[in-house]
Structure formats: structure tokens, C-alpha cells
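Text of structure-v2.pdb (PDB, C-alpha atoms) as supplied:
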```pdb
ATOM      1  CA  GLN A   1       0.000   0.000   0.000
ATOM      2  CA  VAL A   2       1.172   3.547  -0.754
ATOM      3  CA  ARG A   3       0.608   6.414   1.656
ATOM      4  CA  LEU A   4       0.721  10.045   0.534
ATOM      5  CA  VAL A   5       1.277  12.774   3.120
ATOM      6  CA  GLU A   6       0.821  16.424   2.158
ATOM      7  CA  SER A   7       2.126  19.504   3.900
ATOM      8  CA  GLY A   8       2.406  23.226   3.273
ATOM      9  CA  GLY A   9      -1.175  24.446   3.082
ATOM     10  CA  GLY A  10      -2.467  27.457   4.963
ATOM     11  CA  LEU A  11      -3.871  30.956   4.774
ATOM     12  CA  VAL A  12      -2.305  33.501   2.430
ATOM     13  CA  GLN A  13      -3.291  36.911   1.082
ATOM     14  CA  PRO A  14      -4.118  37.417  -2.600
ATOM     15  CA  GLY A  15      -0.911  37.704  -4.589
ATOM     16  CA  GLY A  16       1.000  35.628  -2.083
ATOM     17  CA  SER A  17       2.779  32.300  -2.441
ATOM     18  CA  LEU A  18       2.654  28.840  -0.902
ATOM     19  CA  ARG A  19       4.601  25.637  -1.500
ATOM     20  CA  LEU A  20       2.915  22.268  -1.103
ATOM     21  CA  SER A  21       4.854  19.051  -0.595
ATOM     22  CA  CYS A  22       3.723  15.436  -0.811
ATOM     23  CA  ALA A  23       5.826  12.476   0.232
ATOM     24  CA  ALA A  24       4.958   8.923  -0.781
ATOM     25  CA  SER A  25       5.814   6.020   1.502
ATOM     26  CA  GLY A  26       4.997   2.357   1.852
ATOM     27  CA  THR A  27       5.139  -0.276  -0.870
ATOM     28  CA  ILE A  28       6.289   1.824  -3.778
ATOM     29  CA  PHE A  29       7.029   0.220  -7.108
ATOM     30  CA  ASN A  30       7.908   2.699  -9.782
ATOM     31  CA  ILE A  31       5.416   5.443  -9.187
ATOM     32  CA  GLY A  32       4.589   6.931 -12.569
ATOM     33  CA  VAL A  33       2.447  10.047 -12.506
ATOM     34  CA  MET A  34       2.347  12.288  -9.455
ATOM     35  CA  GLY A  35       0.342  15.426  -9.150
ATOM     36  CA  TRP A  36      -2.167  17.670  -7.474
ATOM     37  CA  TYR A  37      -5.923  18.021  -7.674
ATOM     38  CA  ARG A  38      -8.166  20.399  -5.759
ATOM     39  CA  GLN A  39     -11.760  20.691  -4.653
ATOM     40  CA  ALA A  40     -13.403  23.988  -3.783
ATOM     41  CA  PRO A  41     -16.577  24.182  -1.670
ATOM     42  CA  GLY A  42     -19.588  23.067  -3.707
ATOM     43  CA  LYS A  43     -17.478  22.008  -6.699
ATOM     44  CA  GLY A  44     -16.033  18.794  -8.035
ATOM     45  CA  ARG A  45     -12.419  17.720  -7.807
ATOM     46  CA  GLU A  46     -10.307  19.194 -10.620
ATOM     47  CA  LEU A  47      -6.818  18.753 -11.976
ATOM     48  CA  VAL A  48      -4.211  21.305 -10.952
ATOM     49  CA  ALA A  49      -1.006  19.796 -12.341
ATOM     50  CA  THR A  50       0.682  16.445 -12.966
ATOM     51  CA  ILE A  51       4.256  15.390 -13.611
ATOM     52  CA  MET A  52       5.670  12.197 -15.106
ATOM     53  CA  ARG A  53       8.849  10.477 -13.930
ATOM     54  CA  SER A  54      10.523  11.941 -17.010
ATOM     55  CA  GLY A  55       9.646  15.440 -15.861
ATOM     56  CA  TRP A  56       6.950  16.063 -18.454
ATOM     57  CA  THR A  57       4.302  18.309 -16.905
ATOM     58  CA  ASN A  58       0.655  19.149 -17.465
ATOM     59  CA  TYR A  59      -1.189  22.122 -15.976
ATOM     60  CA  ALA A  60      -4.756  23.315 -15.747
ATOM     61  CA  GLU A  61      -5.244  26.469 -17.816
ATOM     62  CA  SER A  62      -6.242  28.405 -14.709
ATOM     63  CA  VAL A  63      -2.827  27.927 -13.058
ATOM     64  CA  LYS A  64      -0.451  28.109 -16.021
ATOM     65  CA  GLY A  65       2.239  30.708 -15.483
ATOM     66  CA  ARG A  66       1.526  30.890 -11.744
ATOM     67  CA  PHE A  67       2.101  27.344 -10.438
ATOM     68  CA  THR A  68       5.112  25.078 -10.921
ATOM     69  CA  ILE A  69       5.105  21.348 -10.232
ATOM     70  CA  SER A  70       8.311  19.415  -9.612
ATOM     71  CA  ARG A  71       9.341  16.074  -8.168
ATOM     72  CA  ASP A  72      12.263  14.276  -6.587
ATOM     73  CA  ASN A  73      12.102  10.660  -7.773
ATOM     74  CA  ALA A  74      14.729   9.503  -5.280
ATOM     75  CA  LYS A  75      12.564  10.785  -2.421
ATOM     76  CA  ASN A  76       9.202   9.927  -4.046
ATOM     77  CA  THR A  77       8.162  13.490  -3.321
ATOM     78  CA  VAL A  78       6.218  15.979  -5.423
ATOM     79  CA  TYR A  79       6.045  19.732  -4.899
ATOM     80  CA  LEU A  80       3.703  22.486  -6.021
ATOM     81  CA  GLN A  81       4.994  26.048  -5.941
ATOM     82  CA  MET A  82       2.002  28.384  -6.071
ATOM     83  CA  ASN A  83       2.599  32.068  -6.837
ATOM     84  CA  SER A  84       0.253  34.995  -7.485
ATOM     85  CA  LEU A  85      -2.482  33.227  -5.591
ATOM     86  CA  LYS A  86      -6.088  34.287  -6.126
ATOM     87  CA  SER A  87      -9.242  33.782  -4.092
ATOM     88  CA  ASP A  88     -10.354  31.260  -6.739
ATOM     89  CA  ASP A  89      -7.436  29.043  -5.678
ATOM     90  CA  THR A  90      -9.082  28.471  -2.298
ATOM     91  CA  ALA A  91      -9.672  24.724  -2.051
ATOM     92  CA  VAL A  92      -8.586  21.498  -0.443
ATOM     93  CA  HIS A  93      -5.571  20.341  -2.429
ATOM     94  CA  TYR A  94      -5.021  16.595  -2.810
ATOM     95  CA  CYS A  95      -1.836  14.800  -3.721
ATOM     96  CA  TYR A  96      -2.192  12.058  -6.344
ATOM     97  CA  ALA A  97       0.013   9.207  -7.493
ATOM     98  CA  ARG A  98      -0.429   6.409 -10.012
ATOM     99  CA  ALA A  99       1.721   3.307 -10.182
ATOM    100  CA  LEU A 100       3.629   2.860 -13.430
ATOM    101  CA  VAL A 101       2.893  -0.846 -13.990
ATOM    102  CA  SER A 102      -0.372  -1.599 -12.187
ATOM    103  CA  SER A 103      -1.933   1.871 -12.677
ATOM    104  CA  ASP A 104      -3.208   1.716  -9.092
ATOM    105  CA  GLU A 105      -4.160   5.215  -7.923
ATOM    106  CA  TYR A 106      -3.480   6.770  -4.533
ATOM    107  CA  TRP A 107      -4.690   9.956  -2.848
ATOM    108  CA  GLY A 108      -3.496  12.003   0.084
ATOM    109  CA  GLN A 109      -5.772  13.241   2.840
ATOM    110  CA  GLY A 110      -5.819  16.795   1.482
ATOM    111  CA  THR A 111      -4.424  20.102   2.686
ATOM    112  CA  GLN A 112      -6.434  23.321   2.864
ATOM    113  CA  VAL A 113      -5.288  26.354   0.891
ATOM    114  CA  THR A 114      -7.174  29.556   1.691
ATOM    115  CA  VAL A 115      -6.518  32.789  -0.190
ATOM    116  CA  SER A 116      -8.129  35.718   1.563
ATOM    117  CA  SER A 117      -7.364  39.221   2.741
TER     118      SER A 117
END
```

What would you get if you wrote out this structure as C-alpha cells?
Amino acid sequence: QVRLVESGGGLVQPGGSLRLSCAASGTIFNIGVMGWYRQAPGKGRELVATIMRSGWTNYAESVKGRFTISRDNAKNTVYLQMNSLKSDDTAVHYCYARALVSSDEYWGQGTQVTVSS
């Protein structure tokens, strides 16, 4: 079983920055995709960004140019640097991982990001 533990959420003013981290532990066999999704109150869960082992990245249009995803394969850790935060970014952010061979999917418990003055 794979466990994902997020950290780095919190309260920030509009225009501010936060950095989320997610460390994977447990029975890890070649994690393929890692990434972040988010869910705002009253809305469905949506993609924020994903990153392959190769470093290839994919971003939601709403965060392009503001957020940067990165990963450390040796540490099975993924990061999300969030700059120029807006109130619309307020949501619970979930870490995501998918195994390379089995395609099993794993989710973290979520970390709250609140953007407010």
C-alpha cells in the first residue's frame, strides 16, 4: 500500500505564495504520474497539475504561469509552488500518485489552501 502525506497548506493573502509538498511512503514500485488536484466548496475535484517520472508536466489552464510542479524521484516526493495566488485558488488540495505498472491510484488526505485578505 502507498501512503501520501501532504504539507504546506495554509492561509495567504491574494498575490502571495505557498509551496505544497507530498511524500509517498509504503510499498512503492515505480510510481509513474504524481500530481495535485483540488476541490473547492460546492465544486467537483479538478486537476491542478501532474508530472511524469521523465519530468513532463501538465497544468490546468487556470494555473499556467503561476504554479510550478516538480518532483524528486529519489525521495518519491512531489512539490507544487504556487505564486500569485487568487481567491479562486481556495480549495482542499489533494496529492495524487499512479503506479507505473499496475496503474493503481493513490490519494493524500488533502491540505487546505485559503486565499483571503

How big is the axis-aligned box, and where does its centre sit, when it encloses all atoms of stretch 1-11 of chain A listed in the file and has 5 Å added on every side, reported in Å to one decimal as lines of an AutoDock Vina configuration file?
```
center_x = -0.7
center_y = 15.5
center_z = 2.1
size_x = 16.3
size_y = 41.0
size_z = 15.7
```

Nearby residues (all atoms listed in the file) at most 12 Å from A:Gly15, same-chain spacing under 4 positions excluded, as a PyMOL selection string: chain A and resi 11+66+82-89+115-117

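Across the structure, atom CA of A:Gln112 and atom CA of A:Asp72 are spaced 22.8 Å apart.
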
Result set of the PyMOL selection byres ((chain A and resi 36-40) around 7) on the coordinates above, as a list in words: Gly35, Pro41, Gly42, Lys43, Gly44, Arg45, Glu46, Leu47, Val48, Ala49, Thr50, Thr90, Ala91, Val92, His93, Tyr94, Cys95 and Tyr96 of chain A

Name the residues that the PyMOL selection byres ((chain A and resi 32) around 12) picks from the file above, as an NGL selection string, using the file's chain letters and numbers. :A and (24 or 28-31 or 33-35 or 50-56 or 71 or 73 or 76-78 or 96-106)

Deliver the residues from the most recent selection as a file, using C-alpha atoms, as a PDB file, in the frame of the given file.
```
ATOM      1  CA  ALA A  24       4.958   8.923  -0.781  1.00  0.00           C
ATOM      2  CA  ILE A  28       6.289   1.824  -3.778  1.00  0.00           C
ATOM      3  CA  PHE A  29       7.029   0.220  -7.108  1.00  0.00           C
ATOM      4  CA  ASN A  30       7.908   2.699  -9.782  1.00  0.00           C
ATOM      5  CA  ILE A  31       5.416   5.443  -9.187  1.00  0.00           C
ATOM      6  CA  VAL A  33       2.447  10.047 -12.506  1.00  0.00           C
ATOM      7  CA  MET A  34       2.347  12.288  -9.455  1.00  0.00           C
ATOM      8  CA  GLY A  35       0.342  15.426  -9.150  1.00  0.00           C
ATOM      9  CA  THR A  50       0.682  16.445 -12.966  1.00  0.00           C
ATOM     10  CA  ILE A  51       4.256  15.390 -13.611  1.00  0.00           C
ATOM     11  CA  MET A  52       5.670  12.197 -15.106  1.00  0.00           C
ATOM     12  CA  ARG A  53       8.849  10.477 -13.930  1.00  0.00           C
ATOM     13  CA  SER A  54      10.523  11.941 -17.010  1.00  0.00           C
ATOM     14  CA  GLY A  55       9.646  15.440 -15.861  1.00  0.00           C
ATOM     15  CA  TRP A  56       6.950  16.063 -18.454  1.00  0.00           C
ATOM     16  CA  ARG A  71       9.341  16.074  -8.168  1.00  0.00           C
ATOM     17  CA  ASN A  73      12.102  10.660  -7.773  1.00  0.00           C
ATOM     18  CA  ASN A  76       9.202   9.927  -4.046  1.00  0.00           C
ATOM     19  CA  THR A  77       8.162  13.490  -3.321  1.00  0.00           C
ATOM     20  CA  VAL A  78       6.218  15.979  -5.423  1.00  0.00           C
ATOM     21  CA  TYR A  96      -2.192  12.058  -6.344  1.00  0.00           C
ATOM     22  CA  ALA A  97       0.013   9.207  -7.493  1.00  0.00           C
ATOM     23  CA  ARG A  98      -0.429   6.409 -10.012  1.00  0.00           C
ATOM     24  CA  ALA A  99       1.721   3.307 -10.182  1.00  0.00           C
ATOM     25  CA  LEU A 100       3.629   2.860 -13.430  1.00  0.00           C
ATOM     26  CA  VAL A 101       2.893  -0.846 -13.990  1.00  0.00           C
ATOM     27  CA  SER A 102      -0.372  -1.599 -12.187  1.00  0.00           C
ATOM     28  CA  SER A 103      -1.933   1.871 -12.677  1.00  0.00           C
ATOM     29  CA  ASP A 104      -3.208   1.716  -9.092  1.00  0.00           C
ATOM     30  CA  GLU A 105      -4.160   5.215  -7.923  1.00  0.00           C
ATOM     31  CA  TYR A 106      -3.480   6.770  -4.533  1.00  0.00           C
TER      32      TYR A 106
END
```

Radius query 9 Å about (4.9, 27.7, 0.1), atoms used: all atoms listed in the file, as a PyMOL selection string: chain A and resi 8-10+17-21+80-83

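Our summary of the geometry notes that atom CA of A:Gly16 is positioned 25.7 Å from atom CA of A:Leu4.
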
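The space separating atom CA of A:Lys64 from atom CA of A:Trp107 comes to 22.8 Å.
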
Using all atoms listed in the file, which residue out of A:Cys22, A:Val63, A:Pro14, A:Arg3 lies closest to A:Tyr79? A:Cys22

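Take the candidates A:Val2, A:Ala60, A:Ile69, A:Val113 and check each one against A:Gly26 using all atoms listed in the file; the shortest distance goes to A:Val2.
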
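Residue nearest A:Glu6, chosen from A:Thr68, A:Asn58, A:Lys75, A:Ala23 and counting all atoms listed in the file: A:Ala23.
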